[in-house]
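Content type compact mmCIF, C-alpha atoms, from the file data.txt:
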```
# COMPACT_ATOMS: atom_id res chain seq x y z
CA ASP A 1 6.40 5.77 27.14
CA GLN A 2 6.51 2.89 24.71
CA GLN A 3 3.82 3.74 22.18
CA VAL A 4 4.59 0.76 19.97
CA LYS A 5 5.13 -2.58 21.64
CA GLN A 6 6.30 -5.92 20.40
CA ASN A 7 5.82 -8.12 23.41
CA SER A 8 7.57 -11.18 22.04
CA PRO A 9 11.34 -10.69 21.96
CA SER A 10 11.76 -13.91 20.01
CA LEU A 11 9.83 -16.43 17.98
CA SER A 12 10.86 -19.80 16.61
CA VAL A 13 8.96 -21.36 13.69
CA GLN A 14 9.50 -24.44 11.59
CA GLU A 15 10.32 -23.97 7.94
CA GLY A 16 7.21 -24.07 5.78
CA ARG A 17 4.87 -23.09 8.59
CA ILE A 18 3.29 -19.70 9.21
CA SER A 19 5.12 -17.05 11.22
CA ILE A 20 2.95 -14.51 13.01
CA LEU A 21 4.58 -11.45 14.50
CA ASN A 22 2.49 -9.15 16.65
CA CYS A 23 2.59 -5.47 17.46
CA ASP A 24 0.41 -3.32 19.72
CA TYR A 25 0.20 0.44 19.82
CA THR A 26 -1.32 2.91 22.22
CA ASN A 27 -1.63 6.10 20.21
CA SER A 28 -4.96 6.16 18.37
CA MET A 29 -3.63 8.94 16.15
CA PHE A 30 -1.27 6.56 14.34
CA ASP A 31 -2.48 6.11 10.79
CA TYR A 32 0.36 4.47 8.94
CA PHE A 33 2.21 1.33 9.94
CA LEU A 34 5.28 -0.37 8.57
CA TRP A 35 7.27 -3.51 9.12
CA TYR A 36 11.03 -3.56 8.79
CA LYS A 37 13.34 -6.55 8.72
CA LYS A 38 16.88 -6.40 10.01
CA TYR A 39 19.75 -8.83 9.53
CA PRO A 40 22.80 -8.65 11.81
CA ALA A 41 25.28 -5.93 10.81
CA GLU A 42 22.83 -4.43 8.33
CA GLY A 43 20.37 -1.57 8.47
CA PRO A 44 16.63 -2.24 8.67
CA THR A 45 14.99 -2.82 5.31
CA PHE A 46 11.42 -1.97 4.49
CA LEU A 47 9.13 -4.97 4.19
CA ILE A 48 5.48 -3.95 3.97
CA SER A 49 3.19 -1.16 5.11
CA ILE A 50 -0.48 -0.51 5.73
CA SER A 51 -2.58 2.61 5.98
CA SER A 52 -5.22 2.90 8.69
CA ILE A 53 -7.96 2.99 6.05
CA LYS A 54 -7.22 -0.66 5.30
CA ASP A 55 -7.31 -3.75 7.43
CA LYS A 56 -5.13 -5.95 5.28
CA ASN A 57 -2.26 -5.59 2.86
CA GLU A 58 -0.60 -8.45 1.08
CA ASP A 59 2.70 -8.72 -0.76
CA GLY A 60 3.75 -12.18 -1.79
CA ARG A 61 4.40 -14.28 1.29
CA PHE A 62 3.89 -11.30 3.59
CA THR A 63 0.53 -10.06 4.84
CA VAL A 64 -0.05 -7.34 7.38
CA PHE A 65 -3.33 -7.18 9.28
CA LEU A 66 -4.53 -4.12 11.14
CA ASN A 67 -7.18 -4.16 13.87
CA LYS A 68 -7.77 -0.53 14.75
CA SER A 69 -10.28 -1.19 17.50
CA ALA A 70 -7.75 -3.39 19.27
CA LYS A 71 -4.82 -1.18 18.29
CA HIS A 72 -3.07 -4.26 17.05
CA LEU A 73 -1.28 -5.25 13.90
CA SER A 74 0.33 -8.46 12.86
CA LEU A 75 2.66 -9.67 10.16
CA HIS A 76 2.06 -13.10 8.68
CA ILE A 77 4.76 -14.86 6.72
CA VAL A 78 3.71 -17.98 4.90
CA PRO A 79 5.40 -20.21 4.13
CA SER A 80 8.34 -19.33 6.37
CA GLN A 81 11.78 -19.78 4.87
CA PRO A 82 15.24 -19.93 6.49
CA GLY A 83 16.11 -16.56 4.93
CA ASP A 84 13.30 -15.00 6.94
CA SER A 85 15.36 -15.42 10.11
CA ALA A 86 15.96 -11.83 11.22
CA VAL A 87 14.75 -9.21 13.66
CA TYR A 88 11.43 -7.66 12.68
CA PHE A 89 10.44 -4.17 13.77
CA CYS A 90 6.99 -2.67 13.49
CA ALA A 91 6.75 1.09 13.24
CA ALA A 92 3.96 3.64 13.31
CA ASN A 93 3.42 7.23 12.28
CA TRP A 94 0.62 9.76 12.10
CA VAL A 95 0.05 12.44 9.51
CA GLN A 96 -0.51 15.34 11.86
CA GLY A 97 2.17 14.30 14.27
CA ALA A 98 5.82 15.10 14.44
CA GLN A 99 6.54 12.98 11.39
CA LYS A 100 8.75 10.55 13.18
CA LEU A 101 8.40 6.82 12.97
CA VAL A 102 7.99 5.18 16.34
CA PHE A 103 9.48 1.71 16.41
CA GLY A 104 8.75 -1.30 18.53
CA GLN A 105 11.50 -3.19 20.32
CA GLY A 106 11.73 -5.85 17.65
CA THR A 107 11.07 -9.58 17.52
CA ARG A 108 13.81 -12.02 16.60
CA LEU A 109 12.38 -14.63 14.26
CA THR A 110 14.23 -17.91 13.84
CA ILE A 111 13.13 -20.34 11.15
CA ASN A 112 14.17 -23.88 11.92
CA PRO A 113 14.76 -26.39 9.12
CA ASP B 1 21.99 -1.77 -0.88
CA SER B 2 19.58 0.94 0.30
CA GLY B 3 21.59 3.77 -1.22
CA VAL B 4 22.13 5.39 2.19
CA THR B 5 25.81 5.55 3.11
CA GLN B 6 27.12 5.88 6.62
CA THR B 7 30.67 6.33 7.85
CA PRO B 8 32.47 5.15 9.83
CA LYS B 9 31.06 1.64 10.18
CA HIS B 10 32.82 1.06 13.48
CA LEU B 11 34.28 3.48 15.99
CA ILE B 12 35.85 2.97 19.39
CA THR B 13 36.51 5.98 21.55
CA ALA B 14 37.02 6.92 25.19
CA THR B 15 34.58 8.51 27.60
CA GLY B 16 34.51 12.29 27.43
CA GLN B 17 35.49 12.37 23.78
CA ARG B 18 33.57 13.71 20.80
CA VAL B 19 32.79 11.92 17.55
CA THR B 20 31.08 12.77 14.30
CA LEU B 21 29.02 10.30 12.32
CA ARG B 22 28.36 11.01 8.68
CA CYS B 23 25.46 10.10 6.43
CA SER B 24 24.86 10.48 2.72
CA PRO B 25 21.20 10.02 1.82
CA ARG B 26 19.88 8.27 -1.25
CA SER B 27 20.19 10.31 -4.40
CA GLY B 28 17.32 12.78 -4.54
CA ASP B 29 16.17 12.28 -0.94
CA LEU B 30 15.75 15.51 0.99
CA SER B 31 14.93 14.07 4.41
CA VAL B 32 17.51 12.57 6.72
CA TYR B 33 16.69 10.83 9.98
CA TRP B 34 18.96 9.65 12.78
CA TYR B 35 18.11 6.69 14.99
CA GLN B 36 19.88 5.06 17.90
CA GLN B 37 19.68 1.39 18.70
CA SER B 38 21.11 0.27 22.03
CA LEU B 39 21.47 -3.36 23.05
CA ASP B 40 18.29 -3.34 25.10
CA GLN B 41 16.30 -0.78 23.15
CA GLY B 42 14.43 -0.70 19.93
CA LEU B 43 15.15 1.94 17.37
CA GLN B 44 14.92 5.34 19.05
CA PHE B 45 14.28 8.35 16.86
CA LEU B 46 16.75 11.15 17.45
CA ILE B 47 16.20 13.86 14.88
CA GLN B 48 15.06 14.61 11.34
CA TYR B 49 16.29 17.18 8.84
CA TYR B 50 14.52 18.15 5.65
CA ASN B 51 16.37 20.13 3.00
CA GLY B 52 18.78 21.56 5.50
CA GLU B 53 16.33 22.44 8.24
CA GLU B 54 15.46 20.61 11.43
CA ARG B 55 12.05 19.05 10.97
CA ALA B 56 11.41 16.90 14.01
CA LYS B 57 13.16 16.10 17.22
CA GLY B 58 12.98 12.95 19.26
CA ASN B 59 14.90 11.62 22.22
CA ILE B 60 18.12 13.39 21.40
CA LEU B 61 20.37 14.33 24.29
CA GLU B 62 21.68 17.87 24.64
CA ARG B 63 25.20 16.46 24.23
CA PHE B 64 24.20 15.38 20.73
CA SER B 65 23.65 17.63 17.75
CA ALA B 66 23.11 17.20 14.06
CA GLN B 67 23.04 19.20 10.89
CA GLN B 68 22.28 18.77 7.23
CA PHE B 69 24.49 20.47 4.70
CA PRO B 70 23.59 22.08 1.35
CA ASP B 71 24.66 18.91 -0.46
CA LEU B 72 22.13 17.10 1.77
CA HIS B 73 24.60 14.95 3.63
CA SER B 74 24.17 14.98 7.39
CA GLU B 75 26.39 14.70 10.41
CA LEU B 76 25.54 13.60 13.92
CA ASN B 77 27.88 14.98 16.56
CA LEU B 78 28.14 13.18 19.87
CA SER B 79 30.11 14.91 22.62
CA SER B 80 31.14 14.25 26.23
CA LEU B 81 30.62 10.60 25.46
CA GLU B 82 29.50 8.23 28.17
CA LEU B 83 29.58 4.45 28.32
CA GLY B 84 25.82 4.39 27.80
CA ASP B 85 26.19 6.08 24.43
CA SER B 86 27.57 2.86 23.01
CA ALA B 87 25.04 1.90 20.38
CA LEU B 88 24.34 1.43 16.72
CA TYR B 89 23.45 4.72 15.09
CA PHE B 90 21.39 4.54 11.95
CA CYS B 91 20.79 7.16 9.37
CA ALA B 92 17.79 6.93 7.08
CA SER B 93 16.49 9.01 4.23
CA SER B 94 13.27 9.60 2.36
CA SER B 95 12.14 11.75 -0.50
CA ARG B 96 9.57 13.81 1.34
CA ALA B 97 9.26 15.59 4.65
CA SER B 98 6.11 13.71 5.51
CA LEU B 99 6.23 10.08 6.50
CA SER B 100 2.64 9.45 5.56
CA GLY B 101 2.56 6.89 2.78
CA ASN B 102 6.28 7.29 2.53
CA THR B 103 9.06 4.83 3.13
CA ILE B 104 12.36 5.60 4.72
CA TYR B 105 15.47 3.71 3.78
CA PHE B 106 18.16 2.91 6.31
CA GLY B 107 21.90 2.84 6.05
CA GLU B 108 23.93 0.01 7.53
CA GLY B 109 24.65 1.93 10.69
CA SER B 110 27.67 3.20 12.58
CA TRP B 111 28.63 1.07 15.55
CA LEU B 112 29.97 3.26 18.35
CA THR B 113 31.74 1.73 21.32
CA VAL B 114 32.67 4.00 24.21
CA VAL B 115 35.28 2.57 26.55
```
Go through the file and emit its structure as structure tokens.
Amino acid sequence: DQQVKQNSPSLSVQEGRISILNCDYTNSMFDYFLWYKKYPAEGPTFLISISSIKDKNEDGRFTVFLNKSAKHLSLHIVPSQPGDSAVYFCAANWVQGAQKLVFGQGTRLTINP
Amino acid sequence: DSGVTQTPKHLITATGQRVTLRCSPRSGDLSVYWYQQSLDQGLQFLIQYYNGEERAKGNILERFSAQQFPDLHSELNLSSLELGDSALYFCASSSRASLSGNTIYFGEGSWLTVV
């Protein structure tokens, strides 16, 4: 049962343009969402998070949007830079749950010069 | 550098064998998590320990076990290894037991190849 889904295994974007990575979830109990970025041969690194009481959180070039009614969140990167090329994982958790982050499958983002 | 240390970085072993993966959490972190990432899978949660006690369990096989020691380092034991156990095993740590509003930090992973 894949509770967190990233339906796009890969995404290619031109440098300077906006990258939009999408994530859908099925468990309405999730109340905290995170995005992680992973380079090859490295562990995932935390990027940005959002609580379910918000619908937007911004940190520099990164903005996460949450649409609770659609059970959908997205990560916007603007402008995209070559160093953003990596695999991006979304993850979700809920306070009353088993306290384990549930990750999506990941989306490989490639920024083309 | 996340501050989470995992050893070994790479390990090749034969089917039926047993291996131990080690993790040292960030200084001051009491929670340790283990995740498995196979080639065709996202990050799968295996198990969490908080201050020496098992806190949450995920998709961990019975052939696998883990523990957290008094100095807070953790070990993941994988036994009767099968080819399908080949994967990248990540350890992560956080300061609290609860993930709500909390961030977990990942190590670089231990790459296990079973031949």
Please report as a Markdown table every residue of chain A lying within 12 Å of chain B, along with the nearest atom pair and their distance in Å (one decimal), using only C-alpha atoms.
```
| residue | atom | partner | partner_atom | distance |
| --- | --- | --- | --- | --- |
| A:Asp1 | CA | B:Asn59 | CA | 11.4 |
| A:Gln2 | CA | B:Gly42 | CA | 9.9 |
| A:Gln3 | CA | B:Gln44 | CA | 11.6 |
| A:Val4 | CA | B:Gly42 | CA | 9.9 |
| A:Lys5 | CA | B:Gly42 | CA | 9.6 |
| A:Gln6 | CA | B:Gly42 | CA | 9.7 |
| A:Asn7 | CA | B:Gly42 | CA | 11.9 |
| A:Pro9 | CA | B:Asp40 | CA | 10.6 |
| A:Phe30 | CA | B:Ser100 | CA | 10.0 |
| A:Asp31 | CA | B:Ser100 | CA | 8.0 |
| A:Tyr32 | CA | B:Ser100 | CA | 6.4 |
| A:Phe33 | CA | B:Gly101 | CA | 9.1 |
| A:Leu34 | CA | B:Thr103 | CA | 8.4 |
| A:Trp35 | CA | B:Thr103 | CA | 10.4 |
| A:Tyr36 | CA | B:Tyr105 | CA | 9.9 |
| A:Lys37 | CA | B:Phe106 | CA | 10.9 |
| A:Lys38 | CA | B:Glu108 | CA | 9.8 |
| A:Tyr39 | CA | B:Glu108 | CA | 10.0 |
| A:Pro40 | CA | B:Glu108 | CA | 9.7 |
| A:Ala41 | CA | B:Glu108 | CA | 6.9 |
| A:Glu42 | CA | B:Glu108 | CA | 4.6 |
| A:Gly43 | CA | B:Glu108 | CA | 4.0 |
| A:Pro44 | CA | B:Phe106 | CA | 5.9 |
| A:Thr45 | CA | B:Phe106 | CA | 6.6 |
| A:Phe46 | CA | B:Tyr105 | CA | 7.0 |
| A:Leu47 | CA | B:Thr103 | CA | 9.9 |
| A:Ile48 | CA | B:Thr103 | CA | 9.5 |
| A:Ser49 | CA | B:Gly101 | CA | 8.4 |
| A:Ile50 | CA | B:Gly101 | CA | 8.5 |
| A:Ser51 | CA | B:Gly101 | CA | 7.4 |
| A:Ser52 | CA | B:Gly101 | CA | 10.6 |
| A:Ile53 | CA | B:Gly101 | CA | 11.7 |
| A:Val87 | CA | B:Gly42 | CA | 10.6 |
| A:Tyr88 | CA | B:Gly42 | CA | 10.5 |
| A:Phe89 | CA | B:Gly42 | CA | 8.1 |
| A:Cys90 | CA | B:Gly42 | CA | 10.0 |
| A:Ala91 | CA | B:Leu43 | CA | 9.4 |
| A:Ala92 | CA | B:Leu99 | CA | 9.6 |
| A:Asn93 | CA | B:Leu99 | CA | 7.0 |
| A:Trp94 | CA | B:Ser100 | CA | 6.9 |
| A:Val95 | CA | B:Ser100 | CA | 5.6 |
| A:Gln96 | CA | B:Ser100 | CA | 9.2 |
| A:Gly97 | CA | B:Ala56 | CA | 9.6 |
| A:Ala98 | CA | B:Ala56 | CA | 5.9 |
| A:Gln99 | CA | B:Leu99 | CA | 5.7 |
| A:Lys100 | CA | B:Ala56 | CA | 6.9 |
| A:Leu101 | CA | B:Phe45 | CA | 7.2 |
| A:Val102 | CA | B:Phe45 | CA | 7.1 |
| A:Phe103 | CA | B:Leu43 | CA | 5.8 |
| A:Gly104 | CA | B:Gly42 | CA | 5.9 |
| A:Gln105 | CA | B:Gly42 | CA | 3.9 |
| A:Gly106 | CA | B:Gly42 | CA | 6.2 |
| A:Thr107 | CA | B:Gly42 | CA | 9.8 |
| A:Arg108 | CA | B:Gly42 | CA | 11.8 |
```
Distance cut-off 10 Å, centre (15.1, -16.5, 9.7) in file coordinates, counting all atoms listed in the file: which residues qualify? Return them as a ChimeraX atom specification.
/A:11-15,39,80-87,108-113
For the residues in the current selection, export C-alpha atoms as a tab-separated table (two decimals), in the coordinates of the input.
```tsv
chain	number	residue	atom	x	y	z
A	11	LEU	CA	9.83	-16.43	17.98
A	12	SER	CA	10.86	-19.80	16.61
A	13	VAL	CA	8.96	-21.36	13.69
A	14	GLN	CA	9.50	-24.44	11.59
A	15	GLU	CA	10.32	-23.97	7.94
A	39	TYR	CA	19.75	-8.83	9.53
A	80	SER	CA	8.34	-19.33	6.37
A	81	GLN	CA	11.78	-19.78	4.87
A	82	PRO	CA	15.24	-19.93	6.49
A	83	GLY	CA	16.11	-16.56	4.93
A	84	ASP	CA	13.30	-15.00	6.94
A	85	SER	CA	15.36	-15.42	10.11
A	86	ALA	CA	15.96	-11.83	11.22
A	87	VAL	CA	14.75	-9.21	13.66
A	108	ARG	CA	13.81	-12.02	16.60
A	109	LEU	CA	12.38	-14.63	14.26
A	110	THR	CA	14.23	-17.91	13.84
A	111	ILE	CA	13.13	-20.34	11.15
A	112	ASN	CA	14.17	-23.88	11.92
A	113	PRO	CA	14.76	-26.39	9.12
```
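Distances from B:Gly3, B:Gly84, B:Gly52, B:Pro8 to B:Ser31 were compared using only C-alpha atoms, and the smallest one belongs to B:Gly52.
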Write out as a ChimeraX atom specification each polymer residue whose atoms come within 9 Å of A:Thr63, counting all atoms listed in the file; drop sequence neighbours fewer than 4 positions from it.
/A:48,56-59,74-78
Write a file of the selected residues as an mmCIF file, keeping the file's coordinate frame, keeping C-alpha atoms.
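Here's the written file out_32.cif:
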```cif
data_model
loop_
_atom_site.group_PDB
_atom_site.id
_atom_site.type_symbol
_atom_site.label_atom_id
_atom_site.label_comp_id
_atom_site.auth_asym_id
_atom_site.auth_seq_id
_atom_site.Cartn_x
_atom_site.Cartn_y
_atom_site.Cartn_z
ATOM 1 C CA ILE A 48 5.480 -3.950 3.970
ATOM 2 C CA LYS A 56 -5.130 -5.950 5.280
ATOM 3 C CA ASN A 57 -2.260 -5.590 2.860
ATOM 4 C CA GLU A 58 -0.600 -8.450 1.080
ATOM 5 C CA ASP A 59 2.700 -8.720 -0.760
ATOM 6 C CA SER A 74 0.330 -8.460 12.860
ATOM 7 C CA LEU A 75 2.660 -9.670 10.160
ATOM 8 C CA HIS A 76 2.060 -13.100 8.680
ATOM 9 C CA ILE A 77 4.760 -14.860 6.720
ATOM 10 C CA VAL A 78 3.710 -17.980 4.900
#
```
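Going from atom CA of A:Thr26 over to atom CA of B:Ser94, you cover 25.5 Å.
Note that atom CA of A:Leu66 and atom CA of A:Asn27 are 14.0 Å apart.
Atom CA of A:Lys54 to atom CA of A:Arg17 spans 25.7 Å [interatomic distance, one decimal].
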I need stretch 70-82 of chain A from the structure I supplied, saved as an mmCIF file, in the first residue's frame with N, CA, C and O atoms retained.
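Just written: result.cif:
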```cif
data_model
loop_
_atom_site.group_PDB
_atom_site.id
_atom_site.type_symbol
_atom_site.label_atom_id
_atom_site.label_comp_id
_atom_site.auth_asym_id
_atom_site.auth_seq_id
_atom_site.Cartn_x
_atom_site.Cartn_y
_atom_site.Cartn_z
ATOM 1 N N ALA A 70 -7.190 17.937 -1.917
ATOM 2 C CA ALA A 70 -6.765 17.061 -3.016
ATOM 3 C C ALA A 70 -5.731 16.042 -2.570
ATOM 4 O O ALA A 70 -5.316 15.196 -3.368
ATOM 5 N N LYS A 71 -5.280 16.149 -1.327
ATOM 6 C CA LYS A 71 -4.227 15.287 -0.810
ATOM 7 C C LYS A 71 -3.013 15.339 -1.746
ATOM 8 O O LYS A 71 -2.508 14.300 -2.220
ATOM 9 N N HIS A 72 -2.581 16.532 -1.982
ATOM 10 C CA HIS A 72 -1.520 16.759 -2.957
ATOM 11 C C HIS A 72 -0.566 17.817 -2.436
ATOM 12 O O HIS A 72 -0.990 18.821 -1.864
ATOM 13 N N LEU A 73 0.715 17.574 -2.613
ATOM 14 C CA LEU A 73 1.674 18.631 -2.349
ATOM 15 C C LEU A 73 2.668 18.722 -3.504
ATOM 16 O O LEU A 73 2.827 17.761 -4.269
ATOM 17 N N SER A 74 3.237 19.886 -3.620
ATOM 18 C CA SER A 74 4.191 20.088 -4.702
ATOM 19 C C SER A 74 5.357 20.926 -4.201
ATOM 20 O O SER A 74 5.225 21.719 -3.258
ATOM 21 N N LEU A 75 6.472 20.709 -4.833
ATOM 22 C CA LEU A 75 7.689 21.469 -4.539
ATOM 23 C C LEU A 75 8.044 22.266 -5.784
ATOM 24 O O LEU A 75 8.183 21.697 -6.870
ATOM 25 N N HIS A 76 8.161 23.577 -5.614
ATOM 26 C CA HIS A 76 8.548 24.449 -6.709
ATOM 27 C C HIS A 76 9.963 24.946 -6.476
ATOM 28 O O HIS A 76 10.284 25.419 -5.367
ATOM 29 N N ILE A 77 10.765 24.849 -7.496
ATOM 30 C CA ILE A 77 12.138 25.354 -7.419
ATOM 31 C C ILE A 77 12.278 26.394 -8.531
ATOM 32 O O ILE A 77 12.117 26.085 -9.716
ATOM 33 N N VAL A 78 12.564 27.623 -8.097
ATOM 34 C CA VAL A 78 12.701 28.660 -9.122
ATOM 35 C C VAL A 78 13.710 29.715 -8.675
ATOM 36 O O VAL A 78 13.628 30.185 -7.534
ATOM 37 N N PRO A 79 14.672 30.070 -9.506
ATOM 38 C CA PRO A 79 14.965 29.419 -10.774
ATOM 39 C C PRO A 79 15.751 28.129 -10.566
ATOM 40 O O PRO A 79 16.514 27.998 -9.598
ATOM 41 N N SER A 80 15.588 27.180 -11.448
ATOM 42 C CA SER A 80 16.300 25.902 -11.338
ATOM 43 C C SER A 80 17.764 26.101 -11.711
ATOM 44 O O SER A 80 18.088 26.828 -12.652
ATOM 45 N N GLN A 81 18.609 25.402 -10.962
ATOM 46 C CA GLN A 81 20.048 25.499 -11.190
ATOM 47 C C GLN A 81 20.616 24.096 -11.420
ATOM 48 O O GLN A 81 20.046 23.116 -10.939
ATOM 49 N N PRO A 82 21.753 23.993 -12.102
ATOM 50 C CA PRO A 82 22.333 22.661 -12.361
ATOM 51 C C PRO A 82 22.551 21.845 -11.084
ATOM 52 O O PRO A 82 22.380 20.633 -11.084
#
```
